[in-house]
Amino acid sequence: MKKMLIICDSHGTKWGAVGYAWQLKNNFKDFDIDILEFGGISIKKIIEDESLILKIKQNYDIVLVGLGNADVHPRMPKTVIDFLKKIGLSFIRDAYFTIPPVINLSYILRLPFFILRIFLLRYFYESYLNEKEFFNYFNKLITMIETKNNNIVILPLFKVNSNIYTDSHNIATDNINSKLEIFYNNYFFNSLKLEHKDYKKYYNFDGFHFRGKFHQNISTILMNHIKKIKPAYKNADKVLCVSN
């Protein structure tokens with residue numbers, strides 16, 4: 001059986017819904033699928049992760065990459081987090097200023113911190129990586145994958161609800177997606193179904209992640225896309241050939 005590796009951020013996980021990675025694993029019977037989940041983690045750290053290094057040394061028929069959303073997302077200013085820790089809130093970390101995508105006790109407990117974050121985002125913008133840093137580390141990741149696996153599918157970054165998070169995430173997303181399409185033209189997955197006007201109606205409570213219906217839709221589109229990818233050979237090496 002053919003093998004696929006999916007490297008995803010929280011969008012592909014079961015964070016609030018069965019994400020597209022697990023939708024594919026459960027329903028795409030053409031492939032034996034391995035999933036590496038990196039929710040909320042920068043690509044800078046991901047490329048050093050031992051589990052990633054071990055997996056990409058294997059041969060896969062397809063490697064699906066869905067990363068980068070965490071890198072451009074506006075973060076709680078580090079100076080504020082350091083101050084809160086200094087006054088005794090030692091449990092504070094950036095992830096605590098997010099809210100779960102479903103309403104539960106954790107949602108309620110985090111809400112005051114989330115409101116503080118949303119207020120401060122109007123005045124400060126910090127992210128894990130700037131655009132130059134993003135492409136530096138992303139290119140390292142793709143180069144690592146290409147060593148063994150040349151059939152790669154790169155998902156675009158997704159926009160968020162700008163009424164909550166301001167426009168900073170979405171501006172960065174537009175800039176990076178446009179360059180991903182140019183730099184990785186053979187790999188980049190560009191579908192009209194992934195336009196913001198279509199998927200924004202599927203946001204869940206946090207305005208960042210998506211409900212199950214979106215993941216069902218995108219997994220179906222990905223299945224159809226991946227079925228069109230045919231390996232070609234040149235000097236005994238795989239190259240990507242996509243039928244559009």
# chains A, B, ... in the order shown; residues from 1 in each chain; ligands from 1

call {"tool": "residues_around", "arguments": {"residues": "Ile6 (chain A)", "least_positions_apart": "2", "cutoff": "6 Å", "atoms": "only C-alpha atoms", "output": "VMD selection string"}}
result
chain A and resid 35 63 to 64

call {"tool": "residues_around", "arguments": {"residues": "region 172-175 of chain A", "least_positions_apart": "5", "cutoff": "8 Å", "atoms": "only C-alpha atoms", "output": "mmCIF file with N, CA and C atoms, in the first residue's frame"}}
result
data_model
loop_
_atom_site.group_PDB
_atom_site.id
_atom_site.type_symbol
_atom_site.label_atom_id
_atom_site.label_comp_id
_atom_site.auth_asym_id
_atom_site.auth_seq_id
_atom_site.Cartn_x
_atom_site.Cartn_y
_atom_site.Cartn_z
ATOM 1 N N ASN A 69 0.583 28.500 10.218
ATOM 2 C CA ASN A 69 -0.437 29.353 10.829
ATOM 3 C C ASN A 69 -0.007 29.865 12.205
ATOM 4 N N VAL A 72 2.575 33.041 12.058
ATOM 5 C CA VAL A 72 2.153 34.400 11.712
ATOM 6 C C VAL A 72 1.082 34.931 12.655
ATOM 7 N N GLU A 131 8.334 37.420 8.081
ATOM 8 C CA GLU A 131 8.231 36.749 6.782
ATOM 9 C C GLU A 131 9.571 36.186 6.318
ATOM 10 N N LEU A 157 -1.672 28.844 4.122
ATOM 11 C CA LEU A 157 -2.037 29.287 5.459
ATOM 12 C C LEU A 157 -3.485 29.754 5.434
ATOM 13 N N PHE A 158 -4.166 29.630 6.573
ATOM 14 C CA PHE A 158 -5.570 30.017 6.658
ATOM 15 C C PHE A 158 -5.728 31.351 7.379
ATOM 16 N N LYS A 159 -6.693 32.130 6.916
ATOM 17 C CA LYS A 159 -7.002 33.387 7.577
ATOM 18 C C LYS A 159 -7.839 33.141 8.829
#

call {"tool": "closest_residue", "arguments": {"among": "A:Ile164, A:Ile182, A:Ala21, A:Ile176", "to": "Ser219 (chain A)", "atoms": "only C-alpha atoms"}}
result
A:Ala21

call {"tool": "closest_atom_pairs", "arguments": {"of": "region 86-200 of chain A", "to": "region 205-212 of chain A", "cutoff": "12 Å", "atoms": "only C-alpha atoms", "output": "tab-separated table"}}
result
residue	atom	partner	partner_atom	distance
A:Phe97	CA	A:Asp206	CA	11.4
A:Thr98	CA	A:Asp206	CA	8.0
A:Ile99	CA	A:Asp206	CA	6.2
A:Pro100	CA	A:Asp206	CA	6.7
A:Pro101	CA	A:Asp206	CA	5.2
A:Val102	CA	A:Phe205	CA	6.5
A:Ile103	CA	A:Phe205	CA	7.8
A:Asn104	CA	A:Phe205	CA	11.3
A:Tyr107	CA	A:Asp206	CA	9.6
A:Arg110	CA	A:Asp206	CA	11.7
A:Leu111	CA	A:Asp206	CA	10.6
A:Phe114	CA	A:Asp206	CA	9.9
A:Ile115	CA	A:Asp206	CA	11.7
A:Ile118	CA	A:Asp206	CA	11.5
A:Leu157	CA	A:Phe208	CA	11.5
A:Phe158	CA	A:Phe208	CA	8.6
A:Lys159	CA	A:Phe208	CA	7.7
A:Val160	CA	A:Phe208	CA	4.9
A:Asn161	CA	A:Gly207	CA	5.0
A:Ser162	CA	A:Gly207	CA	8.4
A:Asn163	CA	A:Gly207	CA	8.8
A:Ile164	CA	A:Gly207	CA	7.1
A:Tyr165	CA	A:Gly207	CA	8.3
A:Thr166	CA	A:Gly207	CA	11.2
A:His169	CA	A:Phe208	CA	10.2
A:Asn170	CA	A:Phe208	CA	11.0
A:Tyr199	CA	A:Phe210	CA	8.5
A:Lys200	CA	A:Phe210	CA	8.6

call {"tool": "select_by_dssp", "arguments": {"residues": "region 1-84 of chain A", "states": "alpha helix (DSSP H)", "output": "list in words"}}
result
Tyr20, Ala21, Trp22, Gln23, Leu24, Lys25, Asn26, Asn27, Ile43, Lys44, Lys45, Ile46, Glu50, Ser51, Leu52, Ile53, Leu54, Lys55, Asn69, Ala70, Asp71, Val72, Lys78, Thr79, Val80, Ile81, Asp82, Phe83 and Leu84 of chain A

call {"tool": "residues_around", "arguments": {"residues": "Ile81 (chain A)", "least_positions_apart": "2", "cutoff": "12 Å", "atoms": "only C-alpha atoms", "output": "NGL selection string"}}
result
:A and (75-79 or 83-97 or 113 or 116-117 or 120)

call {"tool": "closest_atom_pairs", "arguments": {"of": "region 144-197 of chain A", "to": "region 46-62 of chain A", "cutoff": "7 Å", "atoms": "only C-alpha atoms", "output": "JSON lines"}}
result
{"residue": "A:Ile145", "atom": "CA", "partner": "A:Ile56", "partner_atom": "CA", "distance": 5.7}
{"residue": "A:Lys148", "atom": "CA", "partner": "A:Asn59", "partner_atom": "CA", "distance": 5.7}
{"residue": "A:Asn149", "atom": "CA", "partner": "A:Tyr60", "partner_atom": "CA", "distance": 6.0}
{"residue": "A:Asn151", "atom": "CA", "partner": "A:Ile62", "partner_atom": "CA", "distance": 5.0}
{"residue": "A:Ile152", "atom": "CA", "partner": "A:Ile62", "partner_atom": "CA", "distance": 5.7}

call {"tool": "closest_residue", "arguments": {"among": "A:Ile7, A:Leu129, A:Ile108, A:Lys25", "to": "Lys44 (chain A)", "atoms": "only C-alpha atoms"}}
result
A:Leu129

call {"tool": "residues_around", "arguments": {"residues": "Gly19 (chain A)", "least_positions_apart": "3", "cutoff": "12 Å", "atoms": "only C-alpha atoms", "output": "VMD selection string"}}
result
chain A and resid 6 8 to 16 22 to 26 35 37 39 66 209 to 219

call {"tool": "write_last_selection", "arguments": {"atoms": "C-alpha atoms", "output": "CSV table (one decimal), in the first residue's frame"}}
result
chain,number,residue,atom,x,y,z
A,6,ILE,CA,1.0,14.4,7.1
A,8,CYS,CA,0.3,19.6,10.4
A,9,ASP,CA,-0.3,22.3,12.9
A,10,SER,CA,-3.5,22.4,15.1
A,11,HIS,CA,-5.7,22.7,12.1
A,12,GLY,CA,-5.1,19.1,11.2
A,13,THR,CA,-5.5,17.7,14.7
A,14,LYS,CA,-8.6,16.8,16.8
A,15,TRP,CA,-8.6,20.2,18.5
A,16,GLY,CA,-12.3,21.0,18.6
A,22,TRP,CA,-7.5,12.6,10.7
A,23,GLN,CA,-10.3,12.8,8.2
A,24,LEU,CA,-7.8,11.7,5.6
A,25,LYS,CA,-6.4,8.9,7.8
A,26,ASN,CA,-9.9,7.6,8.6
A,35,ILE,CA,0.5,12.0,11.1
A,37,GLU,CA,1.0,17.0,14.9
A,39,GLY,CA,-0.1,22.4,17.3
A,66,GLY,CA,0.1,22.1,6.6
A,209,HIS,CA,-10.0,26.9,14.1
A,210,PHE,CA,-12.8,25.3,12.0
A,211,ARG,CA,-15.8,23.1,12.6
A,212,GLY,CA,-16.0,19.6,11.4
A,213,LYS,CA,-17.8,20.4,8.1
A,214,PHE,CA,-14.8,22.4,6.9
A,215,HIS,CA,-12.5,19.5,7.6
A,216,GLN,CA,-14.7,17.1,5.7
A,217,ASN,CA,-14.8,19.4,2.7
A,218,ILE,CA,-11.0,20.0,2.6
A,219,SER,CA,-10.2,16.3,3.1

call {"tool": "residues_around", "arguments": {"residues": "Phe138 (chain A)", "least_positions_apart": "2", "cutoff": "12 Å", "atoms": "only C-alpha atoms", "output": "PyMOL selection string"}}
result
chain A and resi 42-47+65-68+71+129-136+140-145+154+176+179-180+183-184

call {"tool": "select_by_dssp", "arguments": {"residues": "region 6-73 of chain A", "states": "strand (DSSP E or B)", "output": "JSON, numbers by chain"}}
result
{"A": [6, 7, 8, 31, 32, 33, 34, 35, 36, 37, 62, 63, 64, 65, 66]}

call {"tool": "decode", "arguments": {"residues": "region 26-112 of chain A", "atoms": "C-alpha atoms", "output": "compact mmCIF listing (two decimals), in the first residue's frame"}}
result
# COMPACT_ATOMS: atom_id res chain seq x y z
CA ASN A 26 -9.88 7.61 8.58
CA ASN A 27 -11.33 7.85 5.07
CA PHE A 28 -8.55 7.79 2.45
CA LYS A 29 -8.10 4.05 2.01
CA ASP A 30 -5.60 4.46 -0.87
CA PHE A 31 -2.85 5.27 1.64
CA ASP A 32 -1.34 4.10 4.88
CA ILE A 33 -1.08 7.47 6.64
CA ASP A 34 1.27 8.68 9.39
CA ILE A 35 0.51 11.97 11.15
CA LEU A 36 2.91 14.33 12.93
CA GLU A 37 1.04 17.00 14.94
CA PHE A 38 2.66 20.30 15.93
CA GLY A 39 -0.15 22.45 17.33
CA GLY A 40 0.91 25.99 18.19
CA ILE A 41 4.61 25.30 17.50
CA SER A 42 6.89 27.38 15.29
CA ILE A 43 8.50 25.84 12.22
CA LYS A 44 11.80 26.99 13.75
CA LYS A 45 11.32 24.37 16.48
CA ILE A 46 9.58 21.78 14.30
CA ILE A 47 12.59 21.27 12.02
CA GLU A 48 14.63 20.30 15.10
CA ASP A 49 12.05 17.81 16.39
CA GLU A 50 13.42 14.27 16.59
CA SER A 51 10.12 12.68 15.56
CA LEU A 52 10.10 14.74 12.35
CA ILE A 53 13.74 13.97 11.57
CA LEU A 54 13.15 10.23 11.98
CA LYS A 55 9.95 10.19 9.88
CA ILE A 56 11.25 12.14 6.90
CA LYS A 57 14.18 9.77 6.58
CA GLN A 58 11.64 7.23 5.38
CA ASN A 59 10.27 7.00 1.85
CA TYR A 60 6.68 8.22 1.42
CA ASP A 61 4.63 8.41 -1.75
CA ILE A 62 3.20 11.74 -0.58
CA VAL A 63 4.16 14.20 2.15
CA LEU A 64 1.43 16.72 3.02
CA VAL A 65 2.64 19.86 4.81
CA GLY A 66 0.14 22.06 6.65
CA LEU A 67 2.25 24.40 8.78
CA GLY A 68 2.82 28.10 9.31
CA ASN A 69 -0.44 29.35 10.83
CA ALA A 70 1.11 29.42 14.30
CA ASP A 71 4.10 31.40 13.03
CA VAL A 72 2.15 34.40 11.71
CA HIS A 73 -0.55 34.48 14.38
CA PRO A 74 -0.39 37.53 16.71
CA ARG A 75 1.05 36.50 20.06
CA MET A 76 0.80 37.89 23.56
CA PRO A 77 3.64 40.42 23.90
CA LYS A 78 6.57 38.77 25.66
CA THR A 79 7.09 41.81 27.89
CA VAL A 80 3.54 41.41 29.24
CA ILE A 81 4.00 37.67 29.88
CA ASP A 82 7.32 38.35 31.65
CA PHE A 83 5.65 41.01 33.81
CA LEU A 84 2.78 38.69 34.81
CA LYS A 85 5.27 35.98 35.76
CA LYS A 86 7.26 38.51 37.75
CA ILE A 87 4.23 39.41 39.88
CA GLY A 88 3.57 35.76 40.72
CA LEU A 89 1.52 34.31 37.85
CA SER A 90 4.13 31.64 37.15
CA PHE A 91 1.67 29.49 35.16
CA ILE A 92 1.37 32.12 32.43
CA ARG A 93 2.56 31.21 28.96
CA ASP A 94 1.51 32.30 25.49
CA ALA A 95 -0.80 29.30 25.00
CA TYR A 96 -2.81 30.30 28.07
CA PHE A 97 -3.99 33.43 26.25
CA THR A 98 -5.85 31.34 23.69
CA ILE A 99 -9.27 29.81 24.23
CA PRO A 100 -10.34 26.26 23.40
CA PRO A 101 -12.54 25.90 20.29
CA VAL A 102 -15.37 24.44 22.38
CA ILE A 103 -17.06 25.93 25.44
CA ASN A 104 -15.92 24.09 28.57
CA LEU A 105 -14.40 24.88 31.98
CA SER A 106 -11.01 25.66 30.44
CA TYR A 107 -12.70 28.09 28.04
CA ILE A 108 -14.31 29.96 30.95
CA LEU A 109 -11.11 30.08 33.03
CA ARG A 110 -9.06 31.42 30.13
CA LEU A 111 -11.58 33.99 28.96
CA PRO A 112 -10.25 36.93 31.05
